[in-house]
>>> print(open('data.pdb').read())   # PDB, C-alpha atoms
ATOM      1  CA  GLY A   1      10.121  15.931   0.357  1.00  0.00           C
ATOM      2  CA  ASN A   2       8.504  12.971  -1.342  1.00  0.00           C
ATOM      3  CA  SER A   3       4.958  12.991  -2.626  1.00  0.00           C
ATOM      4  CA  VAL A   4       2.763  11.522  -5.314  1.00  0.00           C
ATOM      5  CA  THR A   5      -0.088  13.217  -7.109  1.00  0.00           C
ATOM      6  CA  GLN A   6      -2.482  11.239  -9.241  1.00  0.00           C
ATOM      7  CA  MET A   7      -5.569  12.206 -11.114  1.00  0.00           C
ATOM      8  CA  GLU A   8      -8.763  12.226  -9.170  1.00  0.00           C
ATOM      9  CA  GLY A   9     -11.495   9.841 -10.034  1.00  0.00           C
ATOM     10  CA  PRO A  10     -13.750   8.214 -10.312  1.00  0.00           C
ATOM     11  CA  VAL A  11     -13.109   7.158 -13.868  1.00  0.00           C
ATOM     12  CA  THR A  12     -15.792   5.292 -15.781  1.00  0.00           C
ATOM     13  CA  LEU A  13     -15.004   3.693 -19.111  1.00  0.00           C
ATOM     14  CA  SER A  14     -16.704   1.355 -21.499  1.00  0.00           C
ATOM     15  CA  GLU A  15     -15.161  -2.031 -22.104  1.00  0.00           C
ATOM     16  CA  GLU A  16     -12.305  -1.950 -24.655  1.00  0.00           C
ATOM     17  CA  ALA A  17     -11.718   1.770 -24.142  1.00  0.00           C
ATOM     18  CA  PHE A  18      -8.246   3.227 -23.704  1.00  0.00           C
ATOM     19  CA  LEU A  19      -7.176   4.021 -20.156  1.00  0.00           C
ATOM     20  CA  THR A  20      -4.793   6.654 -18.880  1.00  0.00           C
ATOM     21  CA  ILE A  21      -4.353   7.485 -15.219  1.00  0.00           C
ATOM     22  CA  ASN A  22      -1.937  10.326 -14.668  1.00  0.00           C
ATOM     23  CA  CYS A  23       0.657  10.260 -11.916  1.00  0.00           C
ATOM     24  CA  THR A  24       3.360  12.785 -11.125  1.00  0.00           C
ATOM     25  CA  TYR A  25       5.809  12.763  -8.294  1.00  0.00           C
ATOM     26  CA  THR A  26       8.180  14.832  -6.228  1.00  0.00           C
ATOM     27  CA  ALA A  27      11.169  13.080  -4.766  1.00  0.00           C
ATOM     28  CA  THR A  28      14.665  13.540  -3.509  1.00  0.00           C
ATOM     29  CA  GLY A  29      17.263  11.291  -4.997  1.00  0.00           C
ATOM     30  CA  TYR A  30      16.313   8.552  -7.422  1.00  0.00           C
ATOM     31  CA  PRO A  31      12.989   7.011  -6.513  1.00  0.00           C
ATOM     32  CA  SER A  32      11.484   3.730  -7.626  1.00  0.00           C
ATOM     33  CA  LEU A  33       7.956   4.047  -8.945  1.00  0.00           C
ATOM     34  CA  PHE A  34       5.020   1.669  -8.656  1.00  0.00           C
ATOM     35  CA  TRP A  35       1.431   1.102  -9.536  1.00  0.00           C
ATOM     36  CA  TYR A  36      -0.651  -0.921  -7.108  1.00  0.00           C
ATOM     37  CA  VAL A  37      -4.182  -2.159  -7.662  1.00  0.00           C
ATOM     38  CA  GLN A  38      -6.789  -2.756  -4.996  1.00  0.00           C
ATOM     39  CA  TYR A  39      -9.836  -4.808  -5.874  1.00  0.00           C
ATOM     40  CA  PRO A  40     -12.984  -4.390  -3.773  1.00  0.00           C
ATOM     41  CA  GLY A  41     -12.498  -5.786  -0.290  1.00  0.00           C
ATOM     42  CA  GLU A  42      -8.902  -6.804  -0.915  1.00  0.00           C
ATOM     43  CA  GLY A  43      -5.443  -5.502  -0.128  1.00  0.00           C
ATOM     44  CA  LEU A  44      -2.955  -3.945  -2.464  1.00  0.00           C
ATOM     45  CA  GLN A  45      -1.368  -5.934  -5.235  1.00  0.00           C
ATOM     46  CA  LEU A  46       1.691  -4.801  -7.100  1.00  0.00           C
ATOM     47  CA  LEU A  47       0.732  -4.170 -10.716  1.00  0.00           C
ATOM     48  CA  LEU A  48       4.026  -2.941 -12.125  1.00  0.00           C
ATOM     49  CA  LYS A  49       7.154  -1.063 -11.212  1.00  0.00           C
ATOM     50  CA  ALA A  50      10.092   0.846 -12.666  1.00  0.00           C
ATOM     51  CA  THR A  51      13.281   1.495 -10.809  1.00  0.00           C
ATOM     52  CA  LYS A  52      15.118   3.976 -12.999  1.00  0.00           C
ATOM     53  CA  ALA A  53      14.499   6.654 -15.578  1.00  0.00           C
ATOM     54  CA  ASP A  54      13.144   5.496 -18.948  1.00  0.00           C
ATOM     55  CA  ASP A  55      12.266   2.064 -17.593  1.00  0.00           C
ATOM     56  CA  LYS A  56       8.877   0.764 -18.661  1.00  0.00           C
ATOM     57  CA  GLY A  57       6.932  -1.416 -16.282  1.00  0.00           C
ATOM     58  CA  SER A  58       4.285  -3.667 -17.756  1.00  0.00           C
ATOM     59  CA  ASN A  59       1.879  -6.336 -16.572  1.00  0.00           C
ATOM     60  CA  LYS A  60      -1.525  -7.678 -17.643  1.00  0.00           C
ATOM     61  CA  GLY A  61      -1.680  -5.225 -20.527  1.00  0.00           C
ATOM     62  CA  PHE A  62      -0.926  -2.220 -18.315  1.00  0.00           C
ATOM     63  CA  GLU A  63       2.144  -0.090 -18.956  1.00  0.00           C
ATOM     64  CA  ALA A  64       3.855   2.880 -17.334  1.00  0.00           C
ATOM     65  CA  THR A  65       7.094   4.608 -18.260  1.00  0.00           C
ATOM     66  CA  TYR A  66       9.344   6.335 -15.743  1.00  0.00           C
ATOM     67  CA  ARG A  67       9.790   9.851 -17.135  1.00  0.00           C
ATOM     68  CA  LYS A  68      12.327  11.771 -15.127  1.00  0.00           C
ATOM     69  CA  GLU A  69      12.118  14.889 -17.265  1.00  0.00           C
ATOM     70  CA  THR A  70       8.422  15.278 -16.547  1.00  0.00           C
ATOM     71  CA  THR A  71       8.499  13.478 -13.151  1.00  0.00           C
ATOM     72  CA  SER A  72       5.648  11.296 -14.323  1.00  0.00           C
ATOM     73  CA  PHE A  73       4.618   7.659 -14.319  1.00  0.00           C
ATOM     74  CA  HIS A  74       1.288   7.543 -16.122  1.00  0.00           C
ATOM     75  CA  LEU A  75      -0.584   4.255 -16.232  1.00  0.00           C
ATOM     76  CA  GLU A  76      -2.021   3.129 -19.576  1.00  0.00           C
ATOM     77  CA  LYS A  77      -3.930   0.216 -20.995  1.00  0.00           C
ATOM     78  CA  GLY A  78      -5.069  -0.084 -24.558  1.00  0.00           C
ATOM     79  CA  SER A  79      -8.302  -1.989 -23.964  1.00  0.00           C
ATOM     80  CA  VAL A  80      -9.825  -2.233 -20.517  1.00  0.00           C
ATOM     81  CA  GLN A  81     -12.035  -5.044 -19.318  1.00  0.00           C
ATOM     82  CA  VAL A  82     -14.771  -5.175 -16.709  1.00  0.00           C
ATOM     83  CA  SER A  83     -12.386  -7.137 -14.491  1.00  0.00           C
ATOM     84  CA  ASP A  84     -10.047  -4.130 -14.407  1.00  0.00           C
ATOM     85  CA  SER A  85     -12.522  -2.268 -12.222  1.00  0.00           C
ATOM     86  CA  ALA A  86     -10.560  -1.412  -9.078  1.00  0.00           C
ATOM     87  CA  VAL A  87      -8.723   1.387  -7.325  1.00  0.00           C
ATOM     88  CA  TYR A  88      -5.263   2.156  -8.670  1.00  0.00           C
ATOM     89  CA  PHE A  89      -2.535   3.694  -6.531  1.00  0.00           C
ATOM     90  CA  CYS A  90       0.631   5.296  -7.769  1.00  0.00           C
ATOM     91  CA  ALA A  91       3.501   5.119  -5.291  1.00  0.00           C
ATOM     92  CA  LEU A  92       7.197   5.733  -4.864  1.00  0.00           C
ATOM     93  CA  THR A  93       9.980   4.763  -2.555  1.00  0.00           C
ATOM     94  CA  SER A  94      13.071   6.856  -2.293  1.00  0.00           C
ATOM     95  CA  ASN A  95      16.511   5.351  -2.506  1.00  0.00           C
ATOM     96  CA  THR A  96      17.243   6.552   1.000  1.00  0.00           C
ATOM     97  CA  GLY A  97      14.466   4.959   2.954  1.00  0.00           C
ATOM     98  CA  ASN A  98      11.959   2.191   3.323  1.00  0.00           C
ATOM     99  CA  GLN A  99       8.802   4.189   3.198  1.00  0.00           C
ATOM    100  CA  PHE A 100       6.251   4.048   0.431  1.00  0.00           C
ATOM    101  CA  TYR A 101       4.516   7.272  -0.520  1.00  0.00           C
ATOM    102  CA  PHE A 102       1.130   6.681  -2.063  1.00  0.00           C
ATOM    103  CA  GLY A 103      -1.120   8.818  -4.166  1.00  0.00           C
ATOM    104  CA  THR A 104      -4.757   9.134  -3.163  1.00  0.00           C
ATOM    105  CA  GLY A 105      -5.903   6.429  -5.528  1.00  0.00           C
ATOM    106  CA  THR A 106      -8.054   6.515  -8.647  1.00  0.00           C
ATOM    107  CA  SER A 107     -11.204   4.454  -8.804  1.00  0.00           C
ATOM    108  CA  LEU A 108     -11.852   2.857 -12.174  1.00  0.00           C
ATOM    109  CA  THR A 109     -15.162   1.357 -13.198  1.00  0.00           C
ATOM    110  CA  VAL A 110     -15.439  -0.430 -16.520  1.00  0.00           C
ATOM    111  CA  ILE A 111     -18.929  -0.991 -17.814  1.00  0.00           C
ATOM    112  CA  PRO A 112     -19.885  -3.647 -20.372  1.00  0.00           C
TER     113      PRO A 112
ATOM    114  CA  GLY B   1       6.064 -15.700  -4.608  1.00  0.00           C
ATOM    115  CA  ALA B   2       6.237 -13.781  -1.353  1.00  0.00           C
ATOM    116  CA  VAL B   3       2.965 -13.946   0.532  1.00  0.00           C
ATOM    117  CA  VAL B   4       1.850 -11.871   3.486  1.00  0.00           C
ATOM    118  CA  SER B   5      -1.241 -12.800   5.446  1.00  0.00           C
ATOM    119  CA  GLN B   6      -3.275 -10.868   7.963  1.00  0.00           C
ATOM    120  CA  HIS B   7      -5.624 -12.169  10.599  1.00  0.00           C
ATOM    121  CA  PRO B   8      -8.399 -11.486  11.070  1.00  0.00           C
ATOM    122  CA  SER B   9      -9.577 -10.172   7.736  1.00  0.00           C
ATOM    123  CA  TRP B  10     -12.342  -8.304   9.468  1.00  0.00           C
ATOM    124  CA  VAL B  11     -13.340  -7.681  13.040  1.00  0.00           C
ATOM    125  CA  ILE B  12     -16.116  -5.904  14.859  1.00  0.00           C
ATOM    126  CA  CYS B  13     -15.544  -4.892  18.453  1.00  0.00           C
ATOM    127  CA  LYS B  14     -17.211  -2.788  21.081  1.00  0.00           C
ATOM    128  CA  SER B  15     -15.915   0.585  22.091  1.00  0.00           C
ATOM    129  CA  GLY B  16     -13.377   0.335  24.899  1.00  0.00           C
ATOM    130  CA  THR B  17     -12.110  -3.117  24.048  1.00  0.00           C
ATOM    131  CA  SER B  18      -8.749  -4.023  22.495  1.00  0.00           C
ATOM    132  CA  VAL B  19      -8.168  -5.769  19.205  1.00  0.00           C
ATOM    133  CA  LYS B  20      -5.056  -7.560  17.989  1.00  0.00           C
ATOM    134  CA  ILE B  21      -4.219  -7.864  14.296  1.00  0.00           C
ATOM    135  CA  GLU B  22      -1.553 -10.266  13.092  1.00  0.00           C
ATOM    136  CA  CYS B  23       0.675  -9.875  10.072  1.00  0.00           C
ATOM    137  CA  ARG B  24       2.648 -12.897   8.903  1.00  0.00           C
ATOM    138  CA  SER B  25       5.145 -13.434   6.135  1.00  0.00           C
ATOM    139  CA  LEU B  26       4.355 -16.960   5.007  1.00  0.00           C
ATOM    140  CA  ASP B  27       7.287 -17.947   2.849  1.00  0.00           C
ATOM    141  CA  PHE B  28      10.041 -15.502   3.689  1.00  0.00           C
ATOM    142  CA  GLN B  29      11.636 -13.798   6.634  1.00  0.00           C
ATOM    143  CA  ALA B  30      10.883 -10.154   7.205  1.00  0.00           C
ATOM    144  CA  THR B  31      13.265  -7.980   9.161  1.00  0.00           C
ATOM    145  CA  THR B  32      10.972  -5.035   8.801  1.00  0.00           C
ATOM    146  CA  MET B  33       7.225  -4.786   8.645  1.00  0.00           C
ATOM    147  CA  PHE B  34       5.118  -1.707   8.103  1.00  0.00           C
ATOM    148  CA  TRP B  35       1.646  -0.858   9.298  1.00  0.00           C
ATOM    149  CA  TYR B  36      -0.633   1.378   7.269  1.00  0.00           C
ATOM    150  CA  ARG B  37      -4.091   2.742   7.791  1.00  0.00           C
ATOM    151  CA  GLN B  38      -6.510   3.477   5.004  1.00  0.00           C
ATOM    152  CA  PHE B  39      -9.564   5.627   5.386  1.00  0.00           C
ATOM    153  CA  PRO B  40     -12.462   5.236   2.942  1.00  0.00           C
ATOM    154  CA  LYS B  41     -11.594   6.581  -0.473  1.00  0.00           C
ATOM    155  CA  GLN B  42      -8.223   7.794   0.714  1.00  0.00           C
ATOM    156  CA  SER B  43      -4.677   6.645   0.355  1.00  0.00           C
ATOM    157  CA  LEU B  44      -2.630   4.580   2.728  1.00  0.00           C
ATOM    158  CA  MET B  45      -0.993   6.400   5.572  1.00  0.00           C
ATOM    159  CA  LEU B  46       2.063   4.867   7.199  1.00  0.00           C
ATOM    160  CA  MET B  47       1.509   4.422  10.924  1.00  0.00           C
ATOM    161  CA  ALA B  48       4.693   2.753  12.044  1.00  0.00           C
ATOM    162  CA  THR B  49       7.723   0.749  11.043  1.00  0.00           C
ATOM    163  CA  SER B  50       8.326  -2.438  12.960  1.00  0.00           C
ATOM    164  CA  ASN B  51      11.754  -4.050  13.210  1.00  0.00           C
ATOM    165  CA  GLU B  52      12.203  -7.541  14.575  1.00  0.00           C
ATOM    166  CA  GLY B  53      13.433  -7.499  18.140  1.00  0.00           C
ATOM    167  CA  SER B  54      13.269  -3.758  18.654  1.00  0.00           C
ATOM    168  CA  LYS B  55      10.761  -1.037  19.327  1.00  0.00           C
ATOM    169  CA  ALA B  56       8.609   0.212  16.518  1.00  0.00           C
ATOM    170  CA  THR B  57       9.102   3.634  15.030  1.00  0.00           C
ATOM    171  CA  TYR B  58       5.873   5.587  14.866  1.00  0.00           C
ATOM    172  CA  GLU B  59       4.985   8.314  12.411  1.00  0.00           C
ATOM    173  CA  GLN B  60       4.157  11.742  13.680  1.00  0.00           C
ATOM    174  CA  GLY B  61       0.647  11.955  15.040  1.00  0.00           C
ATOM    175  CA  VAL B  62       0.266   8.226  15.705  1.00  0.00           C
ATOM    176  CA  GLU B  63      -0.318   7.398  19.364  1.00  0.00           C
ATOM    177  CA  LYS B  64       2.128   4.680  20.329  1.00  0.00           C
ATOM    178  CA  ASP B  65       0.226   3.840  23.490  1.00  0.00           C
ATOM    179  CA  LYS B  66      -2.923   3.284  21.512  1.00  0.00           C
ATOM    180  CA  PHE B  67      -1.452   1.334  18.635  1.00  0.00           C
ATOM    181  CA  LEU B  68       0.884  -1.207  20.194  1.00  0.00           C
ATOM    182  CA  ILE B  69       3.189  -2.960  17.781  1.00  0.00           C
ATOM    183  CA  ASN B  70       5.189  -6.072  18.523  1.00  0.00           C
ATOM    184  CA  HIS B  71       7.559  -7.764  16.083  1.00  0.00           C
ATOM    185  CA  ALA B  72       8.634 -10.829  18.005  1.00  0.00           C
ATOM    186  CA  SER B  73       9.922 -12.917  15.145  1.00  0.00           C
ATOM    187  CA  LEU B  74      11.061 -12.622  11.550  1.00  0.00           C
ATOM    188  CA  THR B  75       7.662 -13.775  10.339  1.00  0.00           C
ATOM    189  CA  LEU B  76       5.186 -12.122  12.677  1.00  0.00           C
ATOM    190  CA  SER B  77       4.243  -8.606  13.663  1.00  0.00           C
ATOM    191  CA  THR B  78       1.143  -7.677  15.626  1.00  0.00           C
ATOM    192  CA  LEU B  79      -0.799  -4.447  15.920  1.00  0.00           C
ATOM    193  CA  THR B  80      -3.000  -4.054  18.974  1.00  0.00           C
ATOM    194  CA  VAL B  81      -5.542  -1.275  18.990  1.00  0.00           C
ATOM    195  CA  THR B  82      -6.118  -0.562  22.662  1.00  0.00           C
ATOM    196  CA  SER B  83      -9.327   0.882  24.059  1.00  0.00           C
ATOM    197  CA  ALA B  84     -10.767   1.129  20.599  1.00  0.00           C
ATOM    198  CA  HIS B  85     -13.226   3.865  19.691  1.00  0.00           C
ATOM    199  CA  PRO B  86     -15.418   4.338  16.630  1.00  0.00           C
ATOM    200  CA  GLU B  87     -12.896   6.749  15.110  1.00  0.00           C
ATOM    201  CA  ASP B  88     -10.395   3.867  15.021  1.00  0.00           C
ATOM    202  CA  SER B  89     -12.597   2.083  12.524  1.00  0.00           C
ATOM    203  CA  SER B  90     -10.524   1.724   9.409  1.00  0.00           C
ATOM    204  CA  PHE B  91      -8.745  -0.643   7.052  1.00  0.00           C
ATOM    205  CA  TYR B  92      -5.353  -1.652   8.427  1.00  0.00           C
ATOM    206  CA  ILE B  93      -2.745  -3.011   6.038  1.00  0.00           C
ATOM    207  CA  CYS B  94       0.682  -4.397   6.768  1.00  0.00           C
ATOM    208  CA  SER B  95       3.613  -4.917   4.476  1.00  0.00           C
ATOM    209  CA  ALA B  96       6.776  -6.910   4.946  1.00  0.00           C
ATOM    210  CA  ARG B  97      10.255  -6.343   3.633  1.00  0.00           C
ATOM    211  CA  ILE B  98      12.293  -9.394   2.752  1.00  0.00           C
ATOM    212  CA  HIS B  99      15.173 -10.006   5.159  1.00  0.00           C
ATOM    213  CA  GLY B 100      18.421  -9.005   3.563  1.00  0.00           C
ATOM    214  CA  ALA B 101      16.778  -7.153   0.730  1.00  0.00           C
ATOM    215  CA  SER B 102      18.963  -4.409  -0.605  1.00  0.00           C
ATOM    216  CA  SER B 103      16.090  -2.537  -2.184  1.00  0.00           C
ATOM    217  CA  SER B 104      13.318  -0.915  -0.262  1.00  0.00           C
ATOM    218  CA  TYR B 105      10.800  -1.898  -2.887  1.00  0.00           C
ATOM    219  CA  GLU B 106      10.986  -5.560  -2.017  1.00  0.00           C
ATOM    220  CA  GLN B 107       7.963  -5.215   0.187  1.00  0.00           C
ATOM    221  CA  TYR B 108       4.828  -7.263  -0.006  1.00  0.00           C
ATOM    222  CA  PHE B 109       1.444  -6.181   1.234  1.00  0.00           C
ATOM    223  CA  GLY B 110      -1.057  -8.137   3.224  1.00  0.00           C
ATOM    224  CA  PRO B 111      -4.737  -8.254   2.242  1.00  0.00           C
ATOM    225  CA  GLY B 112      -5.762  -5.889   5.033  1.00  0.00           C
ATOM    226  CA  THR B 113      -7.949  -6.065   8.116  1.00  0.00           C
ATOM    227  CA  ARG B 114     -11.166  -4.120   8.329  1.00  0.00           C
ATOM    228  CA  LEU B 115     -11.852  -2.962  11.869  1.00  0.00           C
ATOM    229  CA  THR B 116     -15.266  -1.686  12.862  1.00  0.00           C
ATOM    230  CA  VAL B 117     -15.723  -0.321  16.368  1.00  0.00           C
ATOM    231  CA  THR B 118     -19.311   0.009  17.535  1.00  0.00           C
TER     232      THR B 118
END
>>> encode(input="data.pdb", output="structure tokens")
Amino acid sequence: GNSVTQMEGPVTLSEEAFLTINCTYTATGYPSLFWYVQYPGEGLQLLLKATKADDKGSNKGFEATYRKETTSFHLEKGSVQVSDSAVYFCALTSNTGNQFYFGTGTSLTVIP
Amino acid sequence: GAVVSQHPSWVICKSGTSVKIECRSLDFQATTMFWYRQFPKQSLMLMATSNEGSKATYEQGVEKDKFLINHASLTLSTLTVTSAHPEDSSFYICSARIHGASSSYEQYFGPGTRLTVT
């Protein structure tokens, strides 16, 4: 079956620190992988995506590379800002269906 | 870009009453819309898939008589929580898939509706 496992939080970092949020997946077929961000009181926003192996998704300084050999899609950012404080969800969709499978989310707090 | 709205953004209702939540695709047509539920500090759980003009498909464990879904047009789907109880309090999020999209990932999420049942 399909599932996503991401590192548990909460994660607290100082401003300008390096961020890594781990995400691994189990899927049948060839999934597309996503990172969504949810700011307090808001819905999900697509942060970045990758649709095939070795693709790198990037947006707003965040990056994630689709690693088929390790079934991973870790989120990274070189220098976080206070405004990056949010909950980050790793997700996948399989190539056979419409459904998104989400991880449990990782809460990030960046302190000045 | 593709925008999905939800109304209301938050609602408080008394136990035993029904609440309707609307999900609209504002600048595109959506053949399929999805309804999710999010508990505090947990991930989104798919409740049902709604296809325009046909009955919704519910996930296992979701009561179809309690969570009524109607997808009457290509831009509107509604979720009605009937006879709401405090345990129905949650954050409900919809997403919409662009009509004719060949890829399942062309879905856009609404901002969510927070339901509190007292």
>>> closest_residue(input="data.pdb", among="B:Trp35, B:Phe109, B:Tyr92, B:Phe28", to="chain A", atoms="all atoms listed in the file")
B:Phe109
>>> closest_residue(input="data.pdb", among="A:Gln45, A:Ser85, A:Thr104, A:Asn59", to="B:Phe39", atoms="all atoms listed in the file")
A:Thr104
>>> interface_residues(input="data.pdb", of="chain B", to="chain A", cutoff="10 Å", atoms="all atoms listed in the file", output="ChimeraX atom specification")
/B:6,9,32-34,41-46,48-49,91-95,97,103-114
>>> residues_around(input="data.pdb", residues="A:Lys77", least_positions_apart="2", cutoff="12 Å", atoms="only C-alpha atoms", output="PyMOL selection string")
chain A and resi 13+15-21+57-64+74-75+79-81+84
>>> resolve_selection(input="data.pdb", expression="the PyMOL selection byres ((chain B and resi 115) around 12)", output="PyMOL selection string")
chain B and resi 7-15+18-21+37-39+79-81+84-93+112-114+116-118
>>> residues_around(input="data.pdb", residues="stretch 68-72 of chain A", least_positions_apart="4", cutoff="8 Å", atoms="all atoms listed in the file", output="list in words")
Asn22, Cys23, Thr24, Tyr25, Thr26, Ala53 and Asp54 of chain A
>>> write_last_selection(input="data.pdb", atoms="C-alpha atoms", output="PDB file, in the frame of the given file")
ATOM      1  CA  ASN A  22      -1.937  10.326 -14.668  1.00  0.00           C
ATOM      2  CA  CYS A  23       0.657  10.260 -11.916  1.00  0.00           C
ATOM      3  CA  THR A  24       3.360  12.785 -11.125  1.00  0.00           C
ATOM      4  CA  TYR A  25       5.809  12.763  -8.294  1.00  0.00           C
ATOM      5  CA  THR A  26       8.180  14.832  -6.228  1.00  0.00           C
ATOM      6  CA  ALA A  53      14.499   6.654 -15.578  1.00  0.00           C
ATOM      7  CA  ASP A  54      13.144   5.496 -18.948  1.00  0.00           C
TER       8      ASP A  54
END
>>> resolve_selection(input="data.pdb", expression="the PyMOL selection byres ((chain B and resi 4) around 6)", output="list in words")
Val3, Ser5, Arg24, Ser25, Leu26 and Gly110 of chain B
>>> atom_distance(input="data.pdb", atom1="atom CA of A:Arg67", atom2="atom CA of B:Tyr36")
27.9 Å
